[in-house]
file model-v8.pdb (PDB, C-alpha atoms)
ATOM      1  CA  GLU A 776       2.031  -0.372  27.689  1.00  0.00           C
ATOM      2  CA  GLY A 777      -1.733  -0.166  27.396  1.00  0.00           C
ATOM      3  CA  ALA A 778      -1.607   0.697  23.702  1.00  0.00           C
ATOM      4  CA  VAL A 779       0.723  -2.213  22.957  1.00  0.00           C
ATOM      5  CA  GLU A 780      -1.514  -4.614  24.844  1.00  0.00           C
ATOM      6  CA  ALA A 781      -4.598  -3.291  23.012  1.00  0.00           C
ATOM      7  CA  ALA A 782      -2.854  -3.882  19.673  1.00  0.00           C
ATOM      8  CA  ARG A 783      -1.861  -7.386  20.764  1.00  0.00           C
ATOM      9  CA  GLN A 784      -5.436  -8.201  21.692  1.00  0.00           C
ATOM     10  CA  ARG A 785      -6.760  -6.964  18.345  1.00  0.00           C
ATOM     11  CA  MET A 786      -4.193  -9.023  16.470  1.00  0.00           C
ATOM     12  CA  ALA A 787      -5.024 -12.088  18.569  1.00  0.00           C
ATOM     13  CA  ALA A 788      -8.726 -11.649  17.765  1.00  0.00           C
ATOM     14  CA  VAL A 789      -8.068 -11.336  14.017  1.00  0.00           C
ATOM     15  CA  ARG A 790      -5.811 -14.399  13.998  1.00  0.00           C
ATOM     16  CA  ALA A 791      -8.403 -16.404  15.918  1.00  0.00           C
ATOM     17  CA  ALA A 792     -11.097 -15.324  13.447  1.00  0.00           C
ATOM     18  CA  VAL A 793      -9.255 -16.163  10.201  1.00  0.00           C
ATOM     19  CA  GLY A 794      -7.185 -19.116  11.360  1.00  0.00           C
ATOM     20  CA  PRO A 795      -3.543 -19.950  10.689  1.00  0.00           C
ATOM     21  CA  ASP A 796      -3.642 -20.081   6.884  1.00  0.00           C
ATOM     22  CA  ILE A 797      -4.532 -16.450   6.104  1.00  0.00           C
ATOM     23  CA  GLY A 798      -1.740 -13.890   5.828  1.00  0.00           C
ATOM     24  CA  ILE A 799      -2.245 -10.755   7.921  1.00  0.00           C
ATOM     25  CA  GLY A 800      -0.153  -7.728   6.970  1.00  0.00           C
ATOM     26  CA  LEU A 801       0.238  -5.115   9.701  1.00  0.00           C
ATOM     27  CA  ASP A 802       0.722  -1.481   8.701  1.00  0.00           C
ATOM     28  CA  PHE A 803       2.265   0.740  11.374  1.00  0.00           C
ATOM     29  CA  HIS A 804       1.952   3.633   8.911  1.00  0.00           C
ATOM     30  CA  GLY A 805       5.036   5.230  10.393  1.00  0.00           C
ATOM     31  CA  ARG A 806       3.157   6.306  13.498  1.00  0.00           C
ATOM     32  CA  VAL A 807       5.427   4.436  15.899  1.00  0.00           C
ATOM     33  CA  LYS A 808       8.734   5.813  17.140  1.00  0.00           C
ATOM     34  CA  ALA A 809      11.722   3.527  16.681  1.00  0.00           C
ATOM     35  CA  PRO A 810      12.155   2.525  20.373  1.00  0.00           C
ATOM     36  CA  MET A 811       8.475   1.603  20.691  1.00  0.00           C
ATOM     37  CA  ALA A 812       8.455  -0.213  17.332  1.00  0.00           C
ATOM     38  CA  LYS A 813      10.636  -2.997  18.764  1.00  0.00           C
ATOM     39  CA  LYS A 814       8.275  -3.515  21.669  1.00  0.00           C
ATOM     40  CA  LEU A 815       5.193  -3.498  19.463  1.00  0.00           C
ATOM     41  CA  MET A 816       6.728  -5.943  16.995  1.00  0.00           C
ATOM     42  CA  ALA A 817       7.657  -8.311  19.816  1.00  0.00           C
ATOM     43  CA  ALA A 818       4.074  -8.272  21.101  1.00  0.00           C
ATOM     44  CA  LEU A 819       2.571  -8.978  17.668  1.00  0.00           C
ATOM     45  CA  ALA A 820       5.095 -11.466  16.296  1.00  0.00           C
ATOM     46  CA  PRO A 821       3.642 -14.555  18.079  1.00  0.00           C
ATOM     47  CA  TYR A 822       0.534 -14.226  15.871  1.00  0.00           C
ATOM     48  CA  ASN A 823       2.603 -14.770  12.703  1.00  0.00           C
ATOM     49  CA  PRO A 824       2.024 -11.552  10.734  1.00  0.00           C
ATOM     50  CA  LEU A 825       2.800 -11.683   7.033  1.00  0.00           C
ATOM     51  CA  PHE A 826       4.854  -8.481   7.363  1.00  0.00           C
ATOM     52  CA  PHE A 827       5.263  -5.256   9.303  1.00  0.00           C
ATOM     53  CA  GLU A 828       4.724  -2.287   6.982  1.00  0.00           C
ATOM     54  CA  GLU A 829       6.263   1.139   7.580  1.00  0.00           C
ATOM     55  CA  ALA A 830       7.416   0.324  11.093  1.00  0.00           C
ATOM     56  CA  VAL A 831       8.884   3.831  11.068  1.00  0.00           C
ATOM     57  CA  VAL A 832       8.519   6.840   8.785  1.00  0.00           C
ATOM     58  CA  PRO A 833      10.773   6.828   5.702  1.00  0.00           C
ATOM     59  CA  GLU A 834      12.880   9.611   7.214  1.00  0.00           C
ATOM     60  CA  GLN A 835      13.927   7.050   9.849  1.00  0.00           C
ATOM     61  CA  ASN A 836      14.787   4.226   7.434  1.00  0.00           C
ATOM     62  CA  GLY A 837      18.261   4.198   8.961  1.00  0.00           C
ATOM     63  CA  VAL A 838      16.916   2.231  11.939  1.00  0.00           C
ATOM     64  CA  LEU A 839      15.268  -0.499   9.824  1.00  0.00           C
ATOM     65  CA  LYS A 840      18.361  -2.679   9.974  1.00  0.00           C
ATOM     66  CA  GLN A 841      18.171  -2.676  13.783  1.00  0.00           C
ATOM     67  CA  LEU A 842      14.444  -3.418  13.677  1.00  0.00           C
ATOM     68  CA  ALA A 843      14.935  -6.250  11.188  1.00  0.00           C
ATOM     69  CA  ALA A 844      17.508  -7.806  13.503  1.00  0.00           C
ATOM     70  CA  ALA A 845      14.994  -7.686  16.365  1.00  0.00           C
ATOM     71  CA  THR A 846      12.237  -9.740  14.679  1.00  0.00           C
ATOM     72  CA  THR A 847      11.620 -12.763  12.490  1.00  0.00           C
ATOM     73  CA  VAL A 848       8.704 -11.008  10.738  1.00  0.00           C
ATOM     74  CA  PRO A 849       9.593  -9.510   7.312  1.00  0.00           C
ATOM     75  CA  LEU A 850       9.681  -5.719   7.060  1.00  0.00           C
ATOM     76  CA  ALA A 851       8.086  -3.774   4.192  1.00  0.00           C
ATOM     77  CA  THR A 852       8.178  -0.111   3.211  1.00  0.00           C
ATOM     78  CA  GLY A 853       8.287   2.226   0.227  1.00  0.00           C
ATOM     79  CA  GLU A 854       4.955   3.937  -0.388  1.00  0.00           C
ATOM     80  CA  ARG A 855       6.425   7.308   0.640  1.00  0.00           C
ATOM     81  CA  MET A 856       9.696   6.942  -1.227  1.00  0.00           C
ATOM     82  CA  TYR A 857      10.040   8.809  -4.500  1.00  0.00           C
ATOM     83  CA  SER A 858      13.171   7.914  -6.420  1.00  0.00           C
ATOM     84  CA  LEU A 859      15.188   5.008  -7.746  1.00  0.00           C
ATOM     85  CA  TYR A 860      18.094   6.202  -5.635  1.00  0.00           C
ATOM     86  CA  GLN A 861      16.130   6.131  -2.389  1.00  0.00           C
ATOM     87  CA  PHE A 862      15.227   2.517  -3.071  1.00  0.00           C
ATOM     88  CA  ARG A 863      18.839   1.713  -3.959  1.00  0.00           C
ATOM     89  CA  ASP A 864      20.016   3.087  -0.612  1.00  0.00           C
ATOM     90  CA  LEU A 865      17.287   1.146   1.226  1.00  0.00           C
ATOM     91  CA  LEU A 866      18.124  -2.127  -0.526  1.00  0.00           C
ATOM     92  CA  GLU A 867      21.800  -1.702   0.284  1.00  0.00           C
ATOM     93  CA  THR A 868      20.924  -1.924   4.004  1.00  0.00           C
ATOM     94  CA  ARG A 869      19.540  -5.472   3.511  1.00  0.00           C
ATOM     95  CA  SER A 870      16.831  -4.617   6.049  1.00  0.00           C
ATOM     96  CA  VAL A 871      13.561  -5.162   4.161  1.00  0.00           C
ATOM     97  CA  ALA A 872      11.980  -8.216   2.571  1.00  0.00           C
ATOM     98  CA  MET A 873       9.418  -6.309   0.519  1.00  0.00           C
ATOM     99  CA  ILE A 874       9.240  -2.917  -1.178  1.00  0.00           C
ATOM    100  CA  GLN A 875       6.015  -1.041  -1.894  1.00  0.00           C
ATOM    101  CA  PRO A 876       6.725   1.723  -4.434  1.00  0.00           C
ATOM    102  CA  ASP A 877       3.773   3.743  -5.720  1.00  0.00           C
ATOM    103  CA  VAL A 878       3.687   4.185  -9.499  1.00  0.00           C
ATOM    104  CA  SER A 879       2.196   7.664  -9.065  1.00  0.00           C
ATOM    105  CA  HIS A 880       4.901   8.761  -6.606  1.00  0.00           C
ATOM    106  CA  ALA A 881       8.043   7.051  -7.832  1.00  0.00           C
ATOM    107  CA  GLY A 882       8.398   8.162 -11.437  1.00  0.00           C
ATOM    108  CA  GLY A 883       5.737   6.287 -13.385  1.00  0.00           C
ATOM    109  CA  ILE A 884       5.559   2.866 -14.969  1.00  0.00           C
ATOM    110  CA  THR A 885       9.142   2.828 -16.302  1.00  0.00           C
ATOM    111  CA  ASN A 886      10.683   3.806 -12.986  1.00  0.00           C
ATOM    112  CA  LEU A 887       8.463   1.332 -11.143  1.00  0.00           C
ATOM    113  CA  PHE A 888       9.802  -1.449 -13.348  1.00  0.00           C
ATOM    114  CA  SER A 889      13.382  -0.263 -12.788  1.00  0.00           C
ATOM    115  CA  ILE A 890      12.832  -0.341  -9.019  1.00  0.00           C
ATOM    116  CA  SER A 891      11.331  -3.821  -9.306  1.00  0.00           C
ATOM    117  CA  ARG A 892      14.293  -5.162 -11.290  1.00  0.00           C
ATOM    118  CA  MET A 893      16.738  -3.616  -8.849  1.00  0.00           C
ATOM    119  CA  ALA A 894      14.929  -5.191  -5.888  1.00  0.00           C
ATOM    120  CA  GLU A 895      15.027  -8.569  -7.625  1.00  0.00           C
ATOM    121  CA  ALA A 896      18.835  -8.431  -7.508  1.00  0.00           C
ATOM    122  CA  TYR A 897      18.605  -8.144  -3.703  1.00  0.00           C
ATOM    123  CA  ASP A 898      16.029 -10.978  -3.425  1.00  0.00           C
ATOM    124  CA  VAL A 899      13.423  -8.474  -2.220  1.00  0.00           C
ATOM    125  CA  ALA A 900       9.745  -8.892  -3.130  1.00  0.00           C
ATOM    126  CA  LEU A 901       7.558  -6.316  -4.905  1.00  0.00           C
ATOM    127  CA  ALA A 902       4.103  -5.302  -3.679  1.00  0.00           C
ATOM    128  CA  PRO A 903       3.196  -1.977  -5.316  1.00  0.00           C
ATOM    129  CA  HIS A 904       1.271   0.574  -3.280  1.00  0.00           C
ATOM    130  CA  SER A 905      -1.840   1.717  -5.164  1.00  0.00           C
ATOM    131  CA  PRO A 906      -4.793   3.067  -3.173  1.00  0.00           C
ATOM    132  CA  LEU A 907      -5.597   5.277  -6.173  1.00  0.00           C
ATOM    133  CA  GLY A 908      -7.558   5.153  -9.432  1.00  0.00           C
ATOM    134  CA  PRO A 909      -7.822   2.801 -12.417  1.00  0.00           C
ATOM    135  CA  LEU A 910      -4.844   4.182 -14.368  1.00  0.00           C
ATOM    136  CA  ALA A 911      -2.467   3.654 -11.453  1.00  0.00           C
ATOM    137  CA  LEU A 912      -3.774   0.164 -10.753  1.00  0.00           C
ATOM    138  CA  ALA A 913      -3.634  -0.894 -14.406  1.00  0.00           C
ATOM    139  CA  ALA A 914      -0.078   0.419 -14.700  1.00  0.00           C
ATOM    140  CA  CYS A 915       0.958  -1.496 -11.586  1.00  0.00           C
ATOM    141  CA  MET A 916      -0.589  -4.697 -12.900  1.00  0.00           C
ATOM    142  CA  GLN A 917       1.422  -4.479 -16.115  1.00  0.00           C
ATOM    143  CA  VAL A 918       4.642  -4.165 -14.110  1.00  0.00           C
ATOM    144  CA  ASP A 919       3.528  -6.954 -11.765  1.00  0.00           C
ATOM    145  CA  SER A 920       3.048  -9.308 -14.702  1.00  0.00           C
ATOM    146  CA  CYS A 921       6.681  -9.046 -15.800  1.00  0.00           C
ATOM    147  CA  SER A 922       8.362  -8.851 -12.393  1.00  0.00           C
ATOM    148  CA  ALA A 923       9.827 -12.139 -11.177  1.00  0.00           C
ATOM    149  CA  ASN A 924       9.757 -10.854  -7.598  1.00  0.00           C
ATOM    150  CA  PHE A 925       6.086  -9.782  -7.612  1.00  0.00           C
ATOM    151  CA  ALA A 926       4.263 -10.792  -4.418  1.00  0.00           C
ATOM    152  CA  PHE A 927       0.860  -9.102  -4.421  1.00  0.00           C
ATOM    153  CA  GLN A 928      -0.941  -5.929  -5.485  1.00  0.00           C
ATOM    154  CA  GLU A 929      -2.723  -3.397  -3.306  1.00  0.00           C
ATOM    155  CA  THR A 930      -5.959  -1.901  -4.670  1.00  0.00           C
ATOM    156  CA  SER A 931      -8.415   0.733  -3.467  1.00  0.00           C
ATOM    157  CA  LEU A 932     -11.452  -1.237  -4.636  1.00  0.00           C
ATOM    158  CA  GLY A 933     -14.235  -0.607  -2.116  1.00  0.00           C
ATOM    159  CA  ILE A 934     -12.211   1.744   0.073  1.00  0.00           C
ATOM    160  CA  HIS A 935     -14.217   4.556   1.664  1.00  0.00           C
ATOM    161  CA  TYR A 936     -12.487   7.548   0.053  1.00  0.00           C
ATOM    162  CA  ASN A 937     -13.177   6.194  -3.440  1.00  0.00           C
ATOM    163  CA  GLN A 938     -16.910   6.272  -2.745  1.00  0.00           C
ATOM    164  CA  GLU A 939     -17.326   9.661  -1.123  1.00  0.00           C
ATOM    165  CA  GLY A 940     -17.593  13.257  -2.284  1.00  0.00           C
ATOM    166  CA  GLY A 941     -18.621  15.163  -5.403  1.00  0.00           C
ATOM    167  CA  VAL A 942     -19.883  13.243  -8.434  1.00  0.00           C
ATOM    168  CA  LEU A 943     -19.284   9.881  -6.773  1.00  0.00           C
ATOM    169  CA  GLU A 944     -21.912  10.229  -4.064  1.00  0.00           C
ATOM    170  CA  GLY A 945     -24.193   7.228  -4.480  1.00  0.00           C
ATOM    171  CA  LYS A 946     -22.554   6.120  -7.736  1.00  0.00           C
ATOM    172  CA  GLY A 947     -20.147   3.467  -6.551  1.00  0.00           C
ATOM    173  CA  ASP A 948     -16.392   3.188  -6.590  1.00  0.00           C
ATOM    174  CA  ALA A 949     -14.039   5.610  -8.372  1.00  0.00           C
ATOM    175  CA  LEU A 950     -11.876   2.693  -9.427  1.00  0.00           C
ATOM    176  CA  LEU A 951     -14.750   1.430 -11.600  1.00  0.00           C
ATOM    177  CA  TYR A 952     -16.846   4.542 -12.279  1.00  0.00           C
ATOM    178  CA  TYR A 953     -14.375   6.196 -14.656  1.00  0.00           C
ATOM    179  CA  ILE A 954     -13.827   3.225 -16.952  1.00  0.00           C
ATOM    180  CA  ASP A 955     -16.100   1.555 -19.507  1.00  0.00           C
ATOM    181  CA  ASN A 956     -14.791  -1.959 -18.874  1.00  0.00           C
ATOM    182  CA  PRO A 957     -14.905  -2.329 -15.073  1.00  0.00           C
ATOM    183  CA  GLU A 958     -14.931  -6.096 -15.428  1.00  0.00           C
ATOM    184  CA  VAL A 959     -11.152  -6.007 -15.938  1.00  0.00           C
ATOM    185  CA  PHE A 960     -10.842  -5.461 -12.185  1.00  0.00           C
ATOM    186  CA  ASP A 961     -13.087  -8.367 -11.159  1.00  0.00           C
ATOM    187  CA  VAL A 962     -11.638 -10.277  -8.213  1.00  0.00           C
ATOM    188  CA  ASP A 963     -12.152 -14.038  -8.049  1.00  0.00           C
ATOM    189  CA  SER A 964     -12.865 -16.115  -4.947  1.00  0.00           C
ATOM    190  CA  GLU A 965      -9.153 -16.553  -4.284  1.00  0.00           C
ATOM    191  CA  GLY A 966      -8.413 -12.820  -4.417  1.00  0.00           C
ATOM    192  CA  TYR A 967      -6.877 -12.763  -7.909  1.00  0.00           C
ATOM    193  CA  MET A 968      -7.414 -10.347 -10.804  1.00  0.00           C
ATOM    194  CA  LYS A 969      -6.656 -11.270 -14.388  1.00  0.00           C
ATOM    195  CA  LEU A 970      -4.171  -9.095 -16.251  1.00  0.00           C
ATOM    196  CA  PRO A 971      -6.013  -6.609 -18.529  1.00  0.00           C
ATOM    197  CA  THR A 972      -5.157  -7.552 -22.103  1.00  0.00           C
ATOM    198  CA  GLY A 973      -6.689  -4.697 -24.112  1.00  0.00           C
ATOM    199  CA  HIS A 974      -4.757  -1.941 -25.865  1.00  0.00           C
ATOM    200  CA  GLY A 975      -2.349   0.099 -23.780  1.00  0.00           C
ATOM    201  CA  LEU A 976      -2.910  -0.543 -20.094  1.00  0.00           C
ATOM    202  CA  GLY A 977      -6.011  -2.584 -20.883  1.00  0.00           C
ATOM    203  CA  ILE A 978      -8.649  -0.160 -19.592  1.00  0.00           C
ATOM    204  CA  LYS A 979     -11.065   2.117 -21.432  1.00  0.00           C
ATOM    205  CA  ILE A 980     -11.436   5.544 -19.818  1.00  0.00           C
ATOM    206  CA  ASN A 981     -14.909   7.095 -19.837  1.00  0.00           C
ATOM    207  CA  GLU A 982     -13.762  10.541 -20.944  1.00  0.00           C
ATOM    208  CA  GLU A 983     -17.163  12.169 -20.529  1.00  0.00           C
ATOM    209  CA  ARG A 984     -17.323  11.205 -16.857  1.00  0.00           C
ATOM    210  CA  VAL A 985     -13.799  12.497 -16.362  1.00  0.00           C
ATOM    211  CA  ARG A 986     -14.758  15.858 -17.937  1.00  0.00           C
ATOM    212  CA  VAL A 987     -17.818  16.154 -15.701  1.00  0.00           C
ATOM    213  CA  ALA A 988     -15.747  15.317 -12.632  1.00  0.00           C
ATOM    214  CA  ALA A 989     -13.129  17.902 -13.609  1.00  0.00           C
ATOM    215  CA  LYS A 990     -15.844  20.599 -13.634  1.00  0.00           C
ATOM    216  CA  THR A 991     -17.476  19.476 -10.399  1.00  0.00           C
ATOM    217  CA  GLY A 992     -14.458  18.574  -8.319  1.00  0.00           C
ATOM    218  CA  HIS A 993     -14.841  16.597  -5.115  1.00  0.00           C
ATOM    219  CA  SER A 994     -15.936  17.398  -1.583  1.00  0.00           C
ATOM    220  CA  TRP A 995     -14.060  14.653   0.232  1.00  0.00           C
ATOM    221  CA  LYS A 996     -11.732  15.733   3.012  1.00  0.00           C
ATOM    222  CA  ASP A 997      -9.495  13.640   5.198  1.00  0.00           C
ATOM    223  CA  ARG A 998     -10.346  13.502   8.863  1.00  0.00           C
ATOM    224  CA  ASP A 999      -8.401  15.462  11.452  1.00  0.00           C
ATOM    225  CA  TRP A1000      -5.824  13.125  12.979  1.00  0.00           C
ATOM    226  CA  THR A1001      -5.244  13.909  16.645  1.00  0.00           C
ATOM    227  CA  LEU A1002      -4.192  12.017  19.745  1.00  0.00           C
ATOM    228  CA  GLU A1003      -6.509  11.703  22.743  1.00  0.00           C
ATOM    229  CA  ASP A1004      -5.025  14.858  24.266  1.00  0.00           C
ATOM    230  CA  GLY A1005      -5.638  16.837  21.065  1.00  0.00           C
ATOM    231  CA  THR A1006      -2.080  16.755  19.772  1.00  0.00           C
ATOM    232  CA  PRO A1007      -1.993  16.748  15.947  1.00  0.00           C
ATOM    233  CA  THR A1008      -0.529  13.604  14.432  1.00  0.00           C
ATOM    234  CA  ARG A1009      -0.170  11.948  11.037  1.00  0.00           C
ATOM    235  CA  TRP A1010      -2.387   9.412   9.297  1.00  0.00           C
TER     236      TRP A1010
END

call {"tool": "encode", "arguments": {"input": "model-v8.pdb", "output": "structure tokens"}}
result
Amino acid sequence: EGAVEAARQRMAAVRAAVGPDIGIGLDFHGRVKAPMAKKLMAALAPYNPLFFEEAVVPEQNGVLKQLAAATTVPLATGERMYSLYQFRDLLETRSVAMIQPDVSHAGGITNLFSISRMAEAYDVALAPHSPLGPLALAACMQVDSCSANFAFQETSLGIHYNQEGGVLEGKGDALLYYIDNPEVFDVDSEGYMKLPTGHGLGIKINEERVRVAAKTGHSWKDRDWTLEDGTPTRW
């Protein structure tokens, strides 16, 4: 009860800060068990979230239809799904409004486009997961540009783990450091990026920096994820 109320208060504070016109996506990251997910969604729904992401872990996708029936907020998932057939089975449940396949997990640019086209037939939006490097982001953007059901694109620009460890210490963001035309990922005041129009994916890899990084490696490590009582948990 206390954790649900704490989450409600945080959501209320964010909504009050940004006003009614900004979309706020809420990522449960699969940390919530199915019975508690309903209660948490009910507490957060009055603040008009844009979507609930990964309300449960992908292994529990079978309960998404029940969760969708319990809320008016759209459900999203997909970053930890790896095949066209997994997405087919998910779409057949008619439980999600948005899928979030990762081009690096789900078979590359061709498979990502196949998943997008399949989702379009179910009237489900596409928002590719991509907290990774410039190649993954550029590949996603090419698929986004020719997907009628494209909604928005995740990026890792400015995220902490792209600025920590090894050769990147003090040198900026990995998303920009390894390319010679970082301007292709400029974000305008409305949050939009222009589609890269150069050869291939539209980015120019700095091969020398990649070679140096391959020799040096990185020193970044994820934190230990534990509950207050010390029980190991997932990110």

call {"tool": "closest_residue", "arguments": {"input": "model-v8.pdb", "among": "A:Phe927, A:Tyr952, A:Trp1000, A:Phe960", "to": "Leu825 of chain A", "atoms": "all atoms listed in the file"}}
result
A:Phe927

call {"tool": "closest_residue", "arguments": {"input": "model-v8.pdb", "among": "A:Ala902, A:Ile797, A:Met968, A:Ile980", "to": "Asn956 of chain A", "atoms": "only C-alpha atoms"}}
result
A:Ile980

call {"tool": "resolve_selection", "arguments": {"input": "model-v8.pdb", "expression": "the PyMOL selection byres ((chain A and resi 865-874) around 8)", "output": "list in words"}}
result
Asn836, Leu839, Lys840, Ala843, Pro849, Leu850, Ala851, Thr852, Gly853, Gln861, Phe862, Arg863, Asp864, Gln875, Pro876, Ala894, Tyr897, Asp898, Val899, Ala900, Leu901, Ala902 and Pro903 of chain A

call {"tool": "write_last_selection", "arguments": {"input": "model-v8.pdb", "atoms": "C-alpha atoms", "output": "PDB file, in the frame of the given file"}}
result
ATOM      1  CA  ASN A 836      14.787   4.226   7.434  1.00  0.00           C
ATOM      2  CA  LEU A 839      15.268  -0.499   9.824  1.00  0.00           C
ATOM      3  CA  LYS A 840      18.361  -2.679   9.974  1.00  0.00           C
ATOM      4  CA  ALA A 843      14.935  -6.250  11.188  1.00  0.00           C
ATOM      5  CA  PRO A 849       9.593  -9.510   7.312  1.00  0.00           C
ATOM      6  CA  LEU A 850       9.681  -5.719   7.060  1.00  0.00           C
ATOM      7  CA  ALA A 851       8.086  -3.774   4.192  1.00  0.00           C
ATOM      8  CA  THR A 852       8.178  -0.111   3.211  1.00  0.00           C
ATOM      9  CA  GLY A 853       8.287   2.226   0.227  1.00  0.00           C
ATOM     10  CA  GLN A 861      16.130   6.131  -2.389  1.00  0.00           C
ATOM     11  CA  PHE A 862      15.227   2.517  -3.071  1.00  0.00           C
ATOM     12  CA  ARG A 863      18.839   1.713  -3.959  1.00  0.00           C
ATOM     13  CA  ASP A 864      20.016   3.087  -0.612  1.00  0.00           C
ATOM     14  CA  GLN A 875       6.015  -1.041  -1.894  1.00  0.00           C
ATOM     15  CA  PRO A 876       6.725   1.723  -4.434  1.00  0.00           C
ATOM     16  CA  ALA A 894      14.929  -5.191  -5.888  1.00  0.00           C
ATOM     17  CA  TYR A 897      18.605  -8.144  -3.703  1.00  0.00           C
ATOM     18  CA  ASP A 898      16.029 -10.978  -3.425  1.00  0.00           C
ATOM     19  CA  VAL A 899      13.423  -8.474  -2.220  1.00  0.00           C
ATOM     20  CA  ALA A 900       9.745  -8.892  -3.130  1.00  0.00           C
ATOM     21  CA  LEU A 901       7.558  -6.316  -4.905  1.00  0.00           C
ATOM     22  CA  ALA A 902       4.103  -5.302  -3.679  1.00  0.00           C
ATOM     23  CA  PRO A 903       3.196  -1.977  -5.316  1.00  0.00           C
TER      24      PRO A 903
END

call {"tool": "residues_around", "arguments": {"input": "model-v8.pdb", "residues": "Val831 of chain A", "least_positions_apart": "6", "cutoff": "9 Å", "atoms": "all atoms listed in the file", "output": "list in words"}}
result
Phe803, His804, Gly805, Arg806, Val807, Lys808, Ala809, Ala812, Val838, Leu839 and Thr852 of chain A

call {"tool": "closest_residue", "arguments": {"input": "model-v8.pdb", "among": "A:Gln784, A:Asp919, A:Pro909, A:Leu970", "to": "Pro957 of chain A", "atoms": "all atoms listed in the file"}}
result
A:Pro909

call {"tool": "axis_aligned_box", "arguments": {"input": "model-v8.pdb", "around": "segment 868-885 of chain A", "padding_each_side": "3 Å", "output": "lines of an AutoDock Vina configuration file"}}
result
center_x = 11.6
center_y = 0.3
center_z = -5.1
size_x = 24.7
size_y = 23.0
size_z = 28.4

call {"tool": "closest_residue", "arguments": {"input": "model-v8.pdb", "among": "A:Arg984, A:His974, A:Arg1009, A:Lys979", "to": "Glu958 of chain A", "atoms": "only C-alpha atoms"}}
result
A:Lys979

call {"tool": "resolve_selection", "arguments": {"input": "model-v8.pdb", "expression": "the PyMOL selection byres ((chain A and resi 923) around 9)", "output": "ChimeraX atom specification"}}
result
/A:891-892,895,900-901,919-922,924-926

call {"tool": "residues_around", "arguments": {"input": "model-v8.pdb", "residues": "Thr972 of chain A", "least_positions_apart": "4", "cutoff": "10 Å", "atoms": "all atoms listed in the file", "output": "short mmCIF file (atom, residue, chain, number, x, y, z; two decimals) with C-alpha atoms, keeping the file's coordinate frame"}}
result
data_model
loop_
_atom_site.label_atom_id
_atom_site.label_comp_id
_atom_site.auth_asym_id
_atom_site.auth_seq_id
_atom_site.Cartn_x
_atom_site.Cartn_y
_atom_site.Cartn_z
CA GLN A 917 1.42 -4.48 -16.11
CA VAL A 959 -11.15 -6.01 -15.94
CA LEU A 976 -2.91 -0.54 -20.09
CA GLY A 977 -6.01 -2.58 -20.88
CA ILE A 978 -8.65 -0.16 -19.59
#

call {"tool": "residues_around", "arguments": {"input": "model-v8.pdb", "residues": "Ala820 of chain A", "least_positions_apart": "3", "cutoff": "9 Å", "atoms": "only C-alpha atoms", "output": "compact mmCIF listing (two decimals) with C-alpha atoms, in the frame of the given file"}}
result
# COMPACT_ATOMS: atom_id res chain seq x y z
CA LEU A 815 5.19 -3.50 19.46
CA MET A 816 6.73 -5.94 17.00
CA ALA A 817 7.66 -8.31 19.82
CA ASN A 823 2.60 -14.77 12.70
CA PRO A 824 2.02 -11.55 10.73
CA THR A 846 12.24 -9.74 14.68
CA THR A 847 11.62 -12.76 12.49
CA VAL A 848 8.70 -11.01 10.74

call {"tool": "atom_distance", "arguments": {"input": "model-v8.pdb", "atom1": "atom CA of Val918 of chain A", "atom2": "atom CA of Phe888 of chain A"}}
result
5.9 Å

call {"tool": "closest_residue", "arguments": {"input": "model-v8.pdb", "among": "A:Gly798, A:Thr930, A:Arg855, A:Gln841", "to": "Ala881 of chain A", "atoms": "all atoms listed in the file"}}
result
A:Arg855

call {"tool": "closest_residue", "arguments": {"input": "model-v8.pdb", "among": "A:Ala914, A:Ala896, A:Gly883, A:Asp796", "to": "Pro971 of chain A", "atoms": "all atoms listed in the file"}}
result
A:Ala914
